[in-house]
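Structure file coords_33.csv (CSV, C-alpha atoms) follows.
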chain,number,residue,atom,x,y,z
A,1,MET,CA,73.7,52.7,70.7
A,2,ALA,CA,71.9,55.7,72.1
A,3,VAL,CA,68.8,55.1,74.2
A,4,LEU,CA,65.6,56.9,73.3
A,5,ALA,CA,63.5,57.4,76.5
A,6,VAL,CA,59.8,57.4,75.7
A,7,ALA,CA,57.1,57.8,78.3
A,8,VAL,CA,54.4,55.3,78.2
A,9,GLY,CA,51.1,57.0,79.2
A,10,VAL,CA,49.1,57.8,76.2
A,11,LEU,CA,51.6,56.2,73.8
A,12,ALA,CA,50.2,52.8,74.5
A,13,ALA,CA,47.0,53.8,72.8
A,14,SER,CA,48.9,54.3,69.6
A,15,LEU,CA,49.8,50.6,69.5
A,16,GLY,CA,46.8,48.6,70.9
A,17,ALA,CA,45.8,45.8,68.6
A,18,GLY,CA,46.2,48.4,65.8
A,19,PRO,CA,44.1,48.6,62.7
A,20,ALA,CA,45.3,46.7,59.7
A,21,LEU,CA,47.6,48.5,57.3
A,22,SER,CA,45.1,47.9,54.5
A,23,ARG,CA,43.1,50.8,55.9
A,24,PRO,CA,43.4,54.1,54.1
A,25,LEU,CA,47.2,54.5,53.9
A,26,SER,CA,48.5,55.1,50.4
A,27,ASP,CA,50.8,57.2,48.2
A,28,LYS,CA,49.7,59.4,45.3
A,29,LYS,CA,53.0,58.9,43.5
A,30,PRO,CA,54.4,55.6,44.7
A,31,HIS,CA,58.0,54.7,43.9
A,32,LYS,CA,59.0,51.1,43.5
A,33,GLY,CA,62.3,51.7,45.3
A,34,VAL,CA,60.5,52.3,48.6
A,35,ALA,CA,57.8,49.5,48.3
A,36,ALA,CA,59.3,47.8,51.4
A,37,ALA,CA,58.4,50.8,53.6
A,38,HIS,CA,54.7,50.5,52.9
A,39,LYS,CA,54.8,47.0,54.3
A,40,MET,CA,56.6,47.8,57.5
A,41,PRO,CA,54.3,47.3,60.5
A,42,VAL,CA,54.7,50.6,62.4
A,43,GLN,CA,53.7,53.6,60.3
A,44,GLY,CA,53.9,57.3,61.0
A,45,ILE,CA,53.6,60.8,59.5
A,46,ASP,CA,55.2,64.2,60.0
A,47,VAL,CA,53.1,67.3,59.7
A,48,SER,CA,53.2,71.1,59.9
A,49,TYR,CA,50.7,73.9,59.1
A,50,TYR,CA,50.8,72.9,55.5
A,51,GLN,CA,48.5,70.0,56.2
A,52,GLY,CA,45.8,72.4,57.6
A,53,ASP,CA,43.2,71.0,60.0
A,54,ILE,CA,43.8,67.3,60.8
A,55,ASP,CA,41.3,64.8,62.0
A,56,TRP,CA,43.6,62.9,64.4
A,57,ARG,CA,41.1,60.2,65.2
A,58,LYS,CA,40.8,59.3,61.5
A,59,VAL,CA,44.6,59.4,61.3
A,60,ARG,CA,44.8,56.9,64.2
A,61,ASP,CA,42.1,54.7,62.7
A,62,ALA,CA,43.9,54.7,59.4
A,63,GLY,CA,46.8,52.8,61.0
A,64,ILE,CA,49.2,55.6,62.0
A,65,HIS,CA,51.1,54.8,65.2
A,66,PHE,CA,53.2,58.0,65.5
A,67,ALA,CA,53.5,61.5,64.3
A,68,TYR,CA,56.3,64.1,64.4
A,69,ILE,CA,54.9,67.6,64.5
A,70,LYS,CA,56.8,70.7,63.4
A,71,ALA,CA,57.3,73.1,66.4
A,72,THR,CA,59.9,75.7,65.6
A,73,GLU,CA,62.2,77.0,62.9
A,74,GLY,CA,65.3,79.0,63.4
A,75,GLY,CA,65.1,81.4,66.3
A,76,ASP,CA,61.9,83.3,65.5
A,77,ARG,CA,59.3,81.1,63.9
A,78,VAL,CA,56.7,78.8,65.5
A,79,ASP,CA,54.5,76.6,63.4
A,80,GLU,CA,51.0,78.1,63.6
A,81,LYS,CA,49.4,74.6,63.9
A,82,PHE,CA,51.9,73.2,66.4
A,83,LEU,CA,49.9,73.4,69.6
A,84,ASP,CA,46.6,72.4,68.0
A,85,ASN,CA,48.2,69.3,66.5
A,86,TRP,CA,50.2,68.6,69.7
A,87,ARG,CA,47.1,68.5,71.8
A,88,ALA,CA,44.8,66.9,69.3
A,89,ALA,CA,47.2,64.0,68.5
A,90,LYS,CA,47.5,63.3,72.2
A,91,LYS,CA,43.8,63.3,72.7
A,92,ALA,CA,43.4,60.9,69.8
A,93,GLY,CA,46.0,58.5,71.2
A,94,VAL,CA,48.6,59.0,68.6
A,95,ALA,CA,52.2,59.0,69.9
A,96,ARG,CA,53.8,62.3,69.0
A,97,GLY,CA,57.0,64.2,69.1
A,98,ALA,CA,58.1,67.7,68.2
A,99,TYR,CA,60.8,68.8,65.7
A,100,HIS,CA,62.9,71.9,65.2
A,101,PHE,CA,64.1,73.0,61.8
A,102,MET,CA,67.7,74.2,62.0
A,103,TYR,CA,68.8,77.5,60.4
A,104,TRP,CA,72.5,78.2,59.8
A,105,CYS,CA,72.3,82.0,60.1
A,106,ARG,CA,71.2,82.0,63.7
A,107,PRO,CA,73.3,81.0,66.8
A,108,ALA,CA,72.4,77.6,68.1
A,109,SER,CA,71.9,78.9,71.6
A,110,GLU,CA,69.2,81.3,70.4
A,111,GLN,CA,67.4,78.5,68.5
A,112,ALA,CA,67.6,76.2,71.5
A,113,ALA,CA,66.0,78.9,73.7
A,114,TRP,CA,63.3,79.5,71.1
A,115,TYR,CA,62.4,75.8,71.0
A,116,LYS,CA,62.4,75.4,74.8
A,117,SER,CA,60.1,78.4,75.1
A,118,HIS,CA,57.5,77.0,72.8
A,119,VAL,CA,57.5,73.2,73.3
A,120,PRO,CA,55.8,71.7,76.3
A,121,GLU,CA,57.9,69.4,78.6
A,122,ASP,CA,55.4,66.5,78.2
A,123,ASP,CA,56.6,63.3,79.7
A,124,ASP,CA,54.5,61.3,77.2
A,125,ALA,CA,56.1,62.9,74.2
A,126,LEU,CA,58.4,61.0,71.8
A,127,PRO,CA,62.0,62.2,71.8
A,128,PRO,CA,62.5,65.5,70.1
A,129,VAL,CA,63.9,65.7,66.6
A,130,LEU,CA,66.5,68.1,65.2
A,131,ASP,CA,66.0,68.6,61.5
A,132,VAL,CA,69.3,69.4,59.8
A,133,GLU,CA,69.6,70.1,56.0
A,134,TRP,CA,70.8,72.9,53.9
A,135,THR,CA,68.4,75.8,53.7
A,136,THR,CA,69.2,76.8,50.1
A,137,HIS,CA,65.5,77.4,49.4
A,138,SER,CA,65.2,80.1,52.1
A,139,LYS,CA,64.8,83.7,51.2
A,140,THR,CA,66.4,84.9,54.4
A,141,CYS,CA,69.0,82.2,55.2
A,142,ALA,CA,70.3,80.4,52.1
A,143,ARG,CA,73.7,80.3,53.8
A,144,ARG,CA,75.9,77.2,53.8
A,145,ILE,CA,78.6,77.1,56.6
A,146,PRO,CA,81.7,75.0,56.9
A,147,ARG,CA,81.3,71.4,58.1
A,148,ALA,CA,83.0,71.9,61.4
A,149,ALA,CA,80.8,74.9,62.2
A,150,ALA,CA,77.6,73.0,61.3
A,151,ILE,CA,78.7,70.1,63.5
A,152,ALA,CA,79.4,72.5,66.4
A,153,LYS,CA,75.9,74.1,66.1
A,154,ILE,CA,74.3,70.7,66.0
A,155,LYS,CA,76.0,69.6,69.1
A,156,VAL,CA,74.7,72.7,71.0
A,157,MET,CA,71.2,72.0,69.8
A,158,LEU,CA,71.2,68.3,70.6
A,159,LYS,CA,72.5,69.0,74.2
A,160,ALA,CA,69.8,71.6,74.7
A,161,LEU,CA,67.0,69.4,73.4
A,162,GLU,CA,68.0,66.6,75.6
A,163,ALA,CA,68.2,68.8,78.7
A,164,HIS,CA,64.7,70.2,77.9
A,165,SER,CA,63.0,66.9,77.2
A,166,GLY,CA,64.9,64.4,79.3
A,167,LYS,CA,65.1,62.3,76.1
A,168,ARG,CA,68.0,61.8,73.7
A,169,PRO,CA,67.1,63.6,70.5
A,170,VAL,CA,66.8,62.0,67.0
A,171,ILE,CA,68.6,63.6,64.0
A,172,TYR,CA,66.6,64.0,60.8
A,173,THR,CA,68.5,64.6,57.6
A,174,ASP,CA,68.5,64.2,53.8
A,175,PRO,CA,71.2,62.5,51.6
A,176,LYS,CA,73.0,65.7,50.6
A,177,PHE,CA,73.5,67.0,54.1
A,178,HIS,CA,74.4,63.6,55.4
A,179,ARG,CA,77.1,63.2,52.8
A,180,GLU,CA,78.5,66.7,53.2
A,181,VAL,CA,78.3,67.1,57.0
A,182,LEU,CA,77.1,64.1,59.0
A,183,GLU,CA,78.8,61.1,57.5
A,184,GLY,CA,80.8,59.4,60.2
A,185,GLU,CA,79.5,61.7,62.9
A,186,PHE,CA,77.0,61.3,65.8
A,187,THR,CA,77.2,57.5,65.8
A,188,ASP,CA,75.6,57.5,69.3
A,189,TYR,CA,72.4,59.1,68.1
A,190,HIS,CA,69.4,57.6,66.4
A,191,PHE,CA,68.7,58.9,62.9
A,192,TRP,CA,65.5,59.6,60.9
A,193,LEU,CA,66.5,59.4,57.2
A,194,ARG,CA,64.8,60.8,54.1
A,195,SER,CA,65.0,58.4,51.2
A,196,VAL,CA,62.1,58.5,48.7
A,197,ALA,CA,63.5,56.4,45.9
A,198,ALA,CA,65.5,53.6,47.6
A,199,LYS,CA,66.0,51.9,50.9
A,200,PRO,CA,68.1,54.0,53.3
A,201,GLU,CA,71.0,51.6,53.3
A,202,GLU,CA,71.4,52.2,49.5
A,203,ILE,CA,71.7,55.9,50.0
A,204,TYR,CA,73.5,56.5,53.4
A,205,SER,CA,76.9,55.2,54.0
A,206,ALA,CA,77.2,53.1,57.2
A,207,ARG,CA,74.3,54.6,59.0
A,208,ASN,CA,71.8,52.7,61.1
A,209,TRP,CA,68.4,54.3,61.4
A,210,ALA,CA,65.3,54.4,63.6
A,211,PHE,CA,62.8,56.1,61.2
A,212,TRP,CA,62.5,56.3,57.4
A,213,GLN,CA,60.8,59.1,55.6
A,214,PHE,CA,59.9,57.3,52.4
A,215,THR,CA,57.5,59.6,50.6
A,216,THR,CA,56.2,63.2,50.5
A,217,THR,CA,53.1,62.3,48.6
A,218,GLY,CA,51.4,60.1,51.1
A,219,ARG,CA,47.7,59.9,51.6
A,220,VAL,CA,46.3,59.3,55.0
A,221,SER,CA,42.6,59.4,56.1
A,222,GLY,CA,42.1,62.5,58.3
A,223,VAL,CA,44.7,64.6,56.3
A,224,ALA,CA,43.2,66.5,53.4
A,225,GLY,CA,46.2,66.6,51.1
A,226,PRO,CA,49.7,65.1,50.7
A,227,VAL,CA,51.6,64.2,53.8
A,228,ASP,CA,55.1,62.8,54.5
A,229,ARG,CA,54.9,59.2,55.5
A,230,ASN,CA,57.4,57.4,57.7
A,231,SER,CA,58.1,53.9,59.1
A,232,PHE,CA,59.8,52.7,62.3
A,233,ASN,CA,62.7,50.3,61.9
A,234,GLY,CA,61.3,47.4,63.9
A,235,THR,CA,58.4,45.0,64.4
A,236,ARG,CA,55.2,45.6,66.3
A,237,ALA,CA,56.7,43.8,69.2
A,238,ASP,CA,59.7,46.2,69.1
A,239,TRP,CA,57.3,49.2,69.1
A,240,LYS,CA,55.3,47.7,72.0
A,241,ARG,CA,58.6,47.3,73.9
A,242,VAL,CA,59.5,51.0,73.2
A,243,LEU,CA,56.2,52.1,74.7
A,244,LYS,CA,56.4,49.7,77.7
A,245,GLU,CA,60.0,50.1,78.6
A,246,ARG,CA,60.4,53.7,77.6
A,247,CYS,CA,63.4,53.1,75.3
A,248,LEU,CA,64.3,51.6,72.0
A,249,CYS,CA,65.8,48.7,73.9
A,250,GLY,CA,68.1,47.3,71.2
A,251,THR,CA,65.8,48.0,68.2
A,252,ALA,CA,66.9,49.9,65.1
A,253,THR,CA,70.5,48.6,65.5
A,254,SER,CA,70.5,47.2,62.1
A,255,THR,CA,68.9,48.1,58.8
A,256,SER,CA,68.2,44.4,58.2
A,257,LEU,CA,65.4,44.3,60.7
A,258,ASN,CA,62.8,44.7,58.1
A,259,GLU,CA,64.3,42.9,55.2
What is this file in structure tokens?
Amino acid sequence: MAVLAVAVGVLAASLGAGPALSRPLSDKKPHKGVAAAHKMPVQGIDVSYYQGDIDWRKVRDAGIHFAYIKATEGGDRVDEKFLDNWRAAKKAGVARGAYHFMYWCRPASEQAAWYKSHVPEDDDALPPVLDVEWTTHSKTCARRIPRAAAIAKIKVMLKALEAHSGKRPVIYTDPKFHREVLEGEFTDYHFWLRSVAAKPEEIYSARNWAFWQFTTTGRVSGVAGPVDRNSFNGTRADWKRVLKERCLCGTATSTSLNE
């Protein structure tokens, strides 16, 4: 199992005694298939400029322990709210990490260089995330490439993100891309899985996971509109150990942790 190095510093503030999850965390369109995710003790969000201005202190007080913030996309786009969110989340004491959205029309080396030129090398950041999914919605890069070529690009990006951050990256994906490209691959990496209508183990074949994106219609105090909500695959004690020991330290090795 891969180790996720996490600097402690400000991250400890994201745990603390922690407000109760009965605080303003909800879902505009809840699905019964992911009801278990709402009860998991360590909750997070992922954000981009779509969320507009965020009151990170309210987010923290609502019961959010961590946030993944969009940084870069392809080899020529930076999220316009990235640095504002990056700094404000840290100031509020919310553990945060950056993610890069992969495009298949651009060399991985160029995308890696773009990410490294825009994301600070902060020791207190969560491990970086590589977001890999088909970009069929894109007006400029709706291209699908062969599986072997996609895997090769992902390997280049993962190596570059680890070299830049000093932390082993996490792979985010959705069911279709996982089935067509990732199934059986990258078993020594932690995964962040999208599953908005069922538990991840019901959708993904033989894949352990560290984070679960369970809704895109979440409601969190401090965020004006809908926001993606996520949960960490472990207990509060596991999360406290992540922050204290700077690694996952055996957590997220089984999808049964939160059953």
Discussion item. Neighbouring residues of region 227-234 of chain A were defined as those with any atom within 6 Å, considering all atoms listed in the file; residues of the same chain fewer than 2 positions away were excluded. Please report them as a ChimeraX atom specification.
Written reply: /A:42-46,210-218,238,252
Discussion item. Let me make sure I understand: among A:Lys32, A:Lys116, A:Lys153, A:His65, which one has the smallest atom-to-atom distance to Ser165 (chain A) if we use only C-alpha atoms?
Written reply: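 Of the candidates, the smallest distance to Ser165 (chain A) is held by A:Lys116.
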Worksheet item: Which residues come within 8 Å of region 47-52 of chain A, counting all atoms listed in the file, excluding same-chain residues fewer than 6 positions away, as a PyMOL selection string?
Response: chain A and resi 67-71+79-82+223-228
Discussion item. Rounded to one decimal, what separation in Å do you get between CA of Arg179 (chain A) and CA of Arg207 (chain A)?
Written reply: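 We find that CA of Arg179 (chain A) and CA of Arg207 (chain A) lie 11.0 Å from each other.
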Worksheet item: Using all atoms listed in the file, which residue out of A:Leu158, A:Ala36, A:Ala206, A:Ala142 lies closest to Gln111 (chain A)?
Response: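 Looking only at the distances to Gln111 (chain A), the closest residue turns out to be A:Leu158.
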Fill in: Pairwise distance for CA of Val220 (chain A) and CA of Arg57 (chain A), rounded to one decimal in Å
11.5 Å
Discussion item. From the options A:Leu25, A:Ile154, A:Ala125, A:Ala237, which residue's atoms come nearest to Thr173 (chain A), counting all atoms listed in the file?
Written reply: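 With all atoms listed in the file as the atom set, the closest residue is A:Ile154.
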Discussion item. Using all atoms listed in the file for the distances, tell me which of A:Met157, A:Leu193, A:Leu243, A:Val34 is nearest to Val94 (chain A).
Written reply: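 Among the listed residues, A:Leu243 lies closest to Val94 (chain A).
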Practice prompt. Give me, please, the distance in Å between CA of Lys240 (chain A) and CA of Gly97 (chain A), quoted to one decimal.
Written response: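 These two atoms are separated by 16.8 Å.
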Practice prompt. Check the smallest atom-to-atom distance from each of A:Ser205, A:Ser117, A:Thr136, A:Ser195 to Trp104 (chain A) using only C-alpha atoms, then report the winner.
Written response: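 Closest to Trp104 (chain A), using only C-alpha atoms: A:Thr136.
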Worksheet entry | Counting only C-alpha atoms, the option among A:His31, A:Glu185, A:Tyr204, A:Val59 closest to Lys90 (chain A) | A:Val59
